[in-house]
Amino acid sequence: MKKIVIIGGGIGGLSTAYYLRSLKNKSKENIKITVVSKRRNFEFTPAFPHLAIGWRKLYQISVDLESTLKKFDINYIPQDATIIIPEKNKIILEDGKEEEYDYLVIATGPRLMMEVEGQKEYANSICTSSHALKTFQNFQSFLENPGPVVVGAIPGTSCFGPAYEFILMLSRELKKRKINIPLYFITPEPFIGHFGLGGVAESNKILSQELEENNIKYFTNKKITKVEANKVTFEDLEGSKEEIESKFVMLMPRFNGPEVVETADDKVANPANKMVMVNKAFQNEEYKNIYAVGVVVSIPPIEKTPIPTGVPKTGMMIEHMALAVANNIINDINNDPTRYTPELSAICVADIGDTGIGFFLSSIQKPRKTELYMKNYFLHHFKTVFEKYFLWKIKTGKITPLFEEKTINLLFKAHPIYKIEK
Ligand SMILES: Cc1cc2nc3c(=O)[nH]c(=O)nc-3n(C[C@H](O)[C@H](O)[C@H](O)COP(=O)(O)OP(=O)(O)OC[C@H]3O[C@@H](n4cnc5c(N)ncnc54)[C@H](O)[C@@H]3O)c2cc1C
């Protein structure tokens, strides 16, 4: 019996657990899959902006982990892992108990770095469900006495999509309520729609136009340096400062790896960002039985920008990582040296109420076989339907049904994983 322990019950952790389960029959030894997560629900993160505006309730985007995982014979421990001891093949849980593993998959998501002065105190966040719910409350109070709004991202941010989605949703919500106030978008990206990806097809043109049509004044190549109760300060590349009056602020933070990754040694945690260092097979080079999936994986920026930006790790990329890792673990068990690597394709859709904006990339690395950026009404429905579809996948354990794989392959000529040639 091989014990596979997965830390984290988000998209990365559950996709890995489900892929491993689907590959069980290929394993020469029995496997026991354990998911460790104090958060008792799977939550659909892409709907957090909607939670913050009040367009969704938490129960609509959550799935109970214990009862769901039980159905699929996946062991569940409702605690956080606090320490990883790679040389002893075990983790320590919050209550001090130990959990041994033959293979460990780290899928904890990020630690949110609220590192700009005043960000923690005065800026809202939508990166966790509790942050999004607090932002919803603050938004309700703000509506009683509205004023200028600042939305944006701090230097080093890798997740820009939700910031764009949030300000465009917020502009719709304010329009509906006939509230006319100044809206500002401040980003370290060198141009609108860069996304830490060097742009995607016509992302700059479409997204700039969308911001302009909604009277959202934007600033690029900017470094937010301070957030106060009534203003946001930022600098340009030459270091000259500007201040904007603000009544409501939402900023995307930079992501680091969480504390538990740091407890494994610096052969696991990248000293620069504490994320898990992996090779192309998403396997740690020093401890070959440790893998990582999701936002916690250390991926270098794909291009240097004047103010640092990171690479986004989106849902589809994460599912591909999970599929590659599940295959590699089963191959390890079978003593098969074949290694898989994920294609890292990305589909990202922002539902902004009356329309949708989204992109597809066959791979985040350039040159790309396919790259599309679109705005149309269909995408608004697509995201709503996709949310329900994804929650269905989590509830039924069907992480990537064949028809999904075939459709993506047919439409975009993208494959989830491929063999690493020696
Ligand atoms: C606001 C927002 C919107 C996004 N929208 C989209 C989108 O529209 N489309 C898209 O493709 N991508 C989107 N993303 C990016 C990405 O898909 C999500 O961030 C995704 O949730 C990442 O999955 P993950 O499993 O890596 O991490 P998470 O979803 O963060 O899951 C990590 C899990 O690990 C648990 N955990 C953490 N530490 C421990 C520990 N020590 N022990 C045990 N468990 C632990 C956490 O509680 C959590 O349950 C969005 C991201 C954000 C922040």
# chains A, B, ... in the order shown; residues from 1 in each chain; ligands from 1
$ select_by_dssp --residues "region 11-96 of chain A" --states "strand (DSSP E or B)" --output "PyMOL selection string"
chain A and resi 31-36+41-43+62-64+75-77+81-85+90-93
$ residues_around --residues "region 247-259 of chain A" --least-positions-apart "3" --cutoff "8 Å" --atoms "only C-alpha atoms" --output "short mmCIF file (atom, residue, chain, number, x, y, z; two decimals) with C-alpha atoms, in the first residue's frame"
data_model
loop_
_atom_site.label_atom_id
_atom_site.label_comp_id
_atom_site.auth_asym_id
_atom_site.auth_seq_id
_atom_site.Cartn_x
_atom_site.Cartn_y
_atom_site.Cartn_z
CA THR A 82 2.11 22.78 10.00
CA THR A 108 -1.66 24.79 -0.50
CA GLY A 109 -2.22 27.79 -2.71
CA PRO A 110 -0.45 31.04 -1.81
CA ARG A 111 0.39 33.14 1.21
CA LEU A 112 -1.02 36.60 0.54
CA MET A 113 1.66 39.27 0.88
CA MET A 114 -0.08 42.42 2.10
CA GLU A 115 3.26 44.20 2.04
CA GLN A 119 -2.68 47.62 2.54
CA TYR A 122 -7.22 50.03 4.34
CA ALA A 123 -7.36 47.90 1.19
CA ASN A 124 -9.92 45.19 0.57
CA SER A 125 -9.02 41.78 -0.84
CA ILE A 126 -10.98 39.14 -2.75
CA CYS A 127 -8.39 36.36 -2.55
CA PHE A 139 -18.88 47.65 -0.13
CA PHE A 142 -19.41 52.38 1.03
CA PRO A 146 -19.77 56.60 -1.96
CA GLY A 147 -16.62 58.29 -3.23
CA PRO A 148 -13.64 57.56 -5.48
CA VAL A 149 -12.69 53.89 -5.96
CA VAL A 150 -9.19 52.51 -6.53
CA VAL A 151 -8.68 48.94 -7.76
CA GLY A 152 -5.36 47.50 -8.77
CA ALA A 153 -2.38 45.32 -8.06
CA ILE A 154 0.87 45.75 -6.17
CA PRO A 155 4.36 45.10 -7.56
CA GLY A 156 5.08 41.39 -7.99
CA THR A 157 1.41 40.46 -8.41
CA SER A 158 0.84 37.43 -10.61
CA CYS A 159 -2.96 37.31 -10.55
CA PHE A 160 -4.29 40.35 -12.46
CA PRO A 162 -9.60 39.25 -10.80
CA ALA A 163 -8.60 42.94 -10.44
CA ALA A 229 -7.96 55.75 4.92
CA ASN A 230 -8.66 58.36 2.24
CA LYS A 231 -5.94 58.06 -0.39
CA GLU A 262 9.23 27.02 4.51
CA THR A 263 9.39 24.32 7.18
CA ALA A 269 11.11 26.18 -0.73
CA ASN A 273 9.35 33.39 -2.79
CA LYS A 274 8.99 30.30 -0.56
CA MET A 275 7.12 28.49 -3.33
CA VAL A 276 7.88 24.84 -4.09
CA VAL A 296 2.26 27.16 -4.72
#
$ closest_atom_pairs --of "region 289-318 of chain A" --to "region 44-64 of chain A" --cutoff "12 Å" --atoms "only C-alpha atoms" --output "Markdown table"
| residue | atom | partner | partner_atom | distance |
| --- | --- | --- | --- | --- |
| A:Thr314 | CA | A:Pro46 | CA | 9.4 |
| A:Gly315 | CA | A:Pro46 | CA | 8.6 |
| A:Met316 | CA | A:Pro46 | CA | 11.8 |
$ write_last_selection --atoms "N, CA and C atoms" --output "mmCIF file, in the first residue's frame"
data_model
loop_
_atom_site.group_PDB
_atom_site.id
_atom_site.type_symbol
_atom_site.label_atom_id
_atom_site.label_comp_id
_atom_site.auth_asym_id
_atom_site.auth_seq_id
_atom_site.Cartn_x
_atom_site.Cartn_y
_atom_site.Cartn_z
ATOM 1 N N THR A 314 -3.504 29.620 -13.534
ATOM 2 C CA THR A 314 -4.968 29.606 -13.625
ATOM 3 C C THR A 314 -5.505 28.176 -13.552
ATOM 4 N N GLY A 315 -6.844 28.087 -13.435
ATOM 5 C CA GLY A 315 -7.502 26.809 -13.166
ATOM 6 C C GLY A 315 -7.105 25.697 -14.122
ATOM 7 N N MET A 316 -7.113 25.996 -15.422
ATOM 8 C CA MET A 316 -6.835 24.935 -16.396
ATOM 9 C C MET A 316 -5.369 24.470 -16.307
#
$ select_by_dssp --residues "region 269-354 of chain A" --states "helix (DSSP H, G or I)" --output "number ranges by chain"
A: 315-333
$ closest_residue --among "A:Thr220, A:Gly294, A:Asp80, A:Leu23" --to "Arg40 (chain A)" --atoms "only C-alpha atoms"
A:Asp80
$ residues_around --residues "Ile11 (chain A)" --least-positions-apart "3" --cutoff "12 Å" --atoms "only C-alpha atoms" --output "CSV table (one decimal) with C-alpha atoms, in the first residue's frame"
chain,number,residue,atom,x,y,z
A,6,ILE,CA,-2.1,15.9,-0.6
A,7,ILE,CA,-1.9,19.2,1.4
A,8,GLY,CA,-4.7,21.5,0.3
A,14,LEU,CA,-8.8,17.9,-5.4
A,15,SER,CA,-7.8,17.6,-9.1
A,16,THR,CA,-4.7,15.6,-8.1
A,17,ALA,CA,-6.8,13.4,-5.7
A,18,TYR,CA,-9.4,12.7,-8.4
A,19,TYR,CA,-6.8,12.0,-11.2
A,41,ASN,CA,-15.2,23.2,1.9
A,42,PHE,CA,-14.0,23.3,-1.6
A,43,GLU,CA,-14.6,26.8,-2.8
A,44,PHE,CA,-14.8,28.0,-6.4
A,45,THR,CA,-12.2,30.8,-6.2
A,46,PRO,CA,-13.0,32.3,-9.6
A,62,SER,CA,-18.9,25.6,-2.0
A,63,VAL,CA,-18.8,21.8,-1.7
A,107,ALA,CA,-1.2,22.1,-3.2
A,108,THR,CA,-1.7,24.8,-0.5
A,109,GLY,CA,-2.2,27.8,-2.7
A,293,VAL,CA,0.5,21.6,-7.9
A,294,GLY,CA,-1.2,24.9,-8.3
A,295,VAL,CA,-0.4,28.5,-7.2
A,296,VAL,CA,2.3,27.2,-4.7
A,313,LYS,CA,-1.4,30.1,-12.5
A,314,THR,CA,-5.0,29.6,-13.6
A,315,GLY,CA,-7.5,26.8,-13.2
A,316,MET,CA,-6.8,24.9,-16.4
A,317,MET,CA,-3.1,25.1,-15.9
A,318,ILE,CA,-3.6,23.7,-12.4
A,319,GLU,CA,-5.7,20.8,-13.7
A,320,HIS,CA,-2.9,20.0,-16.2
A,321,MET,CA,-0.3,20.1,-13.4
A,322,ALA,CA,-2.5,17.7,-11.4
A,323,LEU,CA,-2.9,15.3,-14.3
A,390,PHE,CA,-16.9,22.8,-12.2
A,391,LEU,CA,-18.8,22.3,-9.0
A,393,LYS,CA,-17.1,17.9,-11.5
A,394,ILE,CA,-16.0,18.3,-7.8
A,399,ILE,CA,-12.3,16.0,-13.0
$ residues_around --residues "Asn331 (chain A)" --least-positions-apart "6" --cutoff "10 Å" --atoms "only C-alpha atoms" --output "PyMOL selection string"
chain A and resi 26-28+325+337-340
$ residues_around --residues "Ile417 (chain A)" --least-positions-apart "6" --cutoff "6 Å" --atoms "only C-alpha atoms" --output "ChimeraX atom specification"
/A:341-343
$ write_last_selection --atoms "C-alpha atoms" --output "PDB file, in the first residue's frame"
ATOM      1  CA  THR A 341       4.814  17.553 -17.993  1.00  0.00           C
ATOM      2  CA  PRO A 342       1.759  19.803 -18.243  1.00  0.00           C
ATOM      3  CA  GLU A 343       1.127  21.873 -21.359  1.00  0.00           C
TER       4      GLU A 343
END
$ atom_distance --atom1 "CA of Glu228 (chain A)" --atom2 "CA of Leu211 (chain A)"
24.6 Å
$ closest_residue --among "A:Gly397, A:Gly356, A:Gly239, A:Pro271" --to "ligand 1" --atoms "only C-alpha atoms and all ligand atoms"
A:Gly356
$ decode --residues "region 129-157 of chain A" --atoms "N, CA and C atoms" --output "CSV table (one decimal), in the first residue's frame"
chain,number,residue,atom,x,y,z
A,129,SER,N,-12.4,33.4,0.6
A,129,SER,CA,-13.8,33.7,0.7
A,129,SER,C,-14.1,34.6,1.9
A,130,SER,N,-13.3,34.5,3.0
A,130,SER,CA,-13.6,35.4,4.1
A,130,SER,C,-13.2,36.8,3.7
A,131,HIS,N,-12.1,37.0,3.0
A,131,HIS,CA,-11.8,38.4,2.5
A,131,HIS,C,-12.9,38.9,1.6
A,132,ALA,N,-13.4,38.1,0.7
A,132,ALA,CA,-14.4,38.5,-0.2
A,132,ALA,C,-15.7,38.9,0.5
A,133,LEU,N,-16.0,38.1,1.6
A,133,LEU,CA,-17.3,38.4,2.3
A,133,LEU,C,-17.1,39.7,3.1
A,134,LYS,N,-15.9,40.0,3.6
A,134,LYS,CA,-15.6,41.2,4.3
A,134,LYS,C,-15.7,42.4,3.4
A,135,THR,N,-15.2,42.2,2.2
A,135,THR,CA,-15.2,43.2,1.1
A,135,THR,C,-16.7,43.5,0.8
A,136,PHE,N,-17.5,42.5,0.7
A,136,PHE,CA,-18.9,42.7,0.5
A,136,PHE,C,-19.5,43.6,1.5
A,137,GLN,N,-19.2,43.4,2.8
A,137,GLN,CA,-19.7,44.2,3.9
A,137,GLN,C,-19.2,45.6,3.7
A,138,ASN,N,-17.9,45.8,3.5
A,138,ASN,CA,-17.4,47.1,3.3
A,138,ASN,C,-18.0,47.8,2.1
A,139,PHE,N,-18.3,47.1,1.1
A,139,PHE,CA,-18.9,47.7,-0.1
A,139,PHE,C,-20.3,48.2,0.2
A,140,GLN,N,-21.0,47.4,1.0
A,140,GLN,CA,-22.4,47.9,1.4
A,140,GLN,C,-22.3,49.2,2.2
A,141,SER,N,-21.3,49.3,3.1
A,141,SER,CA,-21.2,50.6,3.9
A,141,SER,C,-20.8,51.7,2.9
A,142,PHE,N,-19.9,51.4,2.0
A,142,PHE,CA,-19.4,52.4,1.0
A,142,PHE,C,-20.6,52.9,0.2
A,143,LEU,N,-21.5,52.0,-0.1
A,143,LEU,CA,-22.6,52.5,-1.0
A,143,LEU,C,-23.5,53.5,-0.3
A,144,GLU,N,-23.5,53.5,1.0
A,144,GLU,CA,-24.3,54.5,1.7
A,144,GLU,C,-23.7,55.9,1.6
A,145,ASN,N,-22.3,56.0,1.4
A,145,ASN,CA,-21.6,57.2,1.3
A,145,ASN,C,-20.5,57.1,0.3
A,146,PRO,N,-20.8,57.0,-1.0
A,146,PRO,CA,-19.8,56.6,-2.0
A,146,PRO,C,-18.8,57.7,-2.3
A,147,GLY,N,-17.7,57.4,-2.8
A,147,GLY,CA,-16.6,58.3,-3.2
A,147,GLY,C,-15.7,57.6,-4.2
A,148,PRO,N,-14.5,58.2,-4.5
A,148,PRO,CA,-13.6,57.6,-5.5
A,148,PRO,C,-13.2,56.1,-5.1
A,149,VAL,N,-13.1,55.3,-6.1
A,149,VAL,CA,-12.7,53.9,-6.0
A,149,VAL,C,-11.3,53.7,-6.6
A,150,VAL,N,-10.5,52.9,-5.9
A,150,VAL,CA,-9.2,52.5,-6.5
A,150,VAL,C,-9.1,51.0,-6.5
A,151,VAL,N,-8.9,50.4,-7.7
A,151,VAL,CA,-8.7,48.9,-7.8
A,151,VAL,C,-7.4,48.7,-8.5
A,152,GLY,N,-6.6,47.7,-8.1
A,152,GLY,CA,-5.4,47.5,-8.8
A,152,GLY,C,-4.6,46.3,-8.2
A,153,ALA,N,-3.3,46.4,-8.5
A,153,ALA,CA,-2.4,45.3,-8.1
A,153,ALA,C,-1.1,45.9,-7.6
A,154,ILE,N,-0.4,45.2,-6.7
A,154,ILE,CA,0.9,45.7,-6.2
A,154,ILE,C,2.0,45.1,-7.0
A,155,PRO,N,3.2,45.7,-6.8
A,155,PRO,CA,4.4,45.1,-7.6
A,155,PRO,C,4.6,43.6,-7.2
A,156,GLY,N,4.9,42.8,-8.2
A,156,GLY,CA,5.1,41.4,-8.0
A,156,GLY,C,3.8,40.6,-8.1
A,157,THR,N,2.7,41.2,-8.3
A,157,THR,CA,1.4,40.5,-8.4
A,157,THR,C,1.5,39.5,-9.6
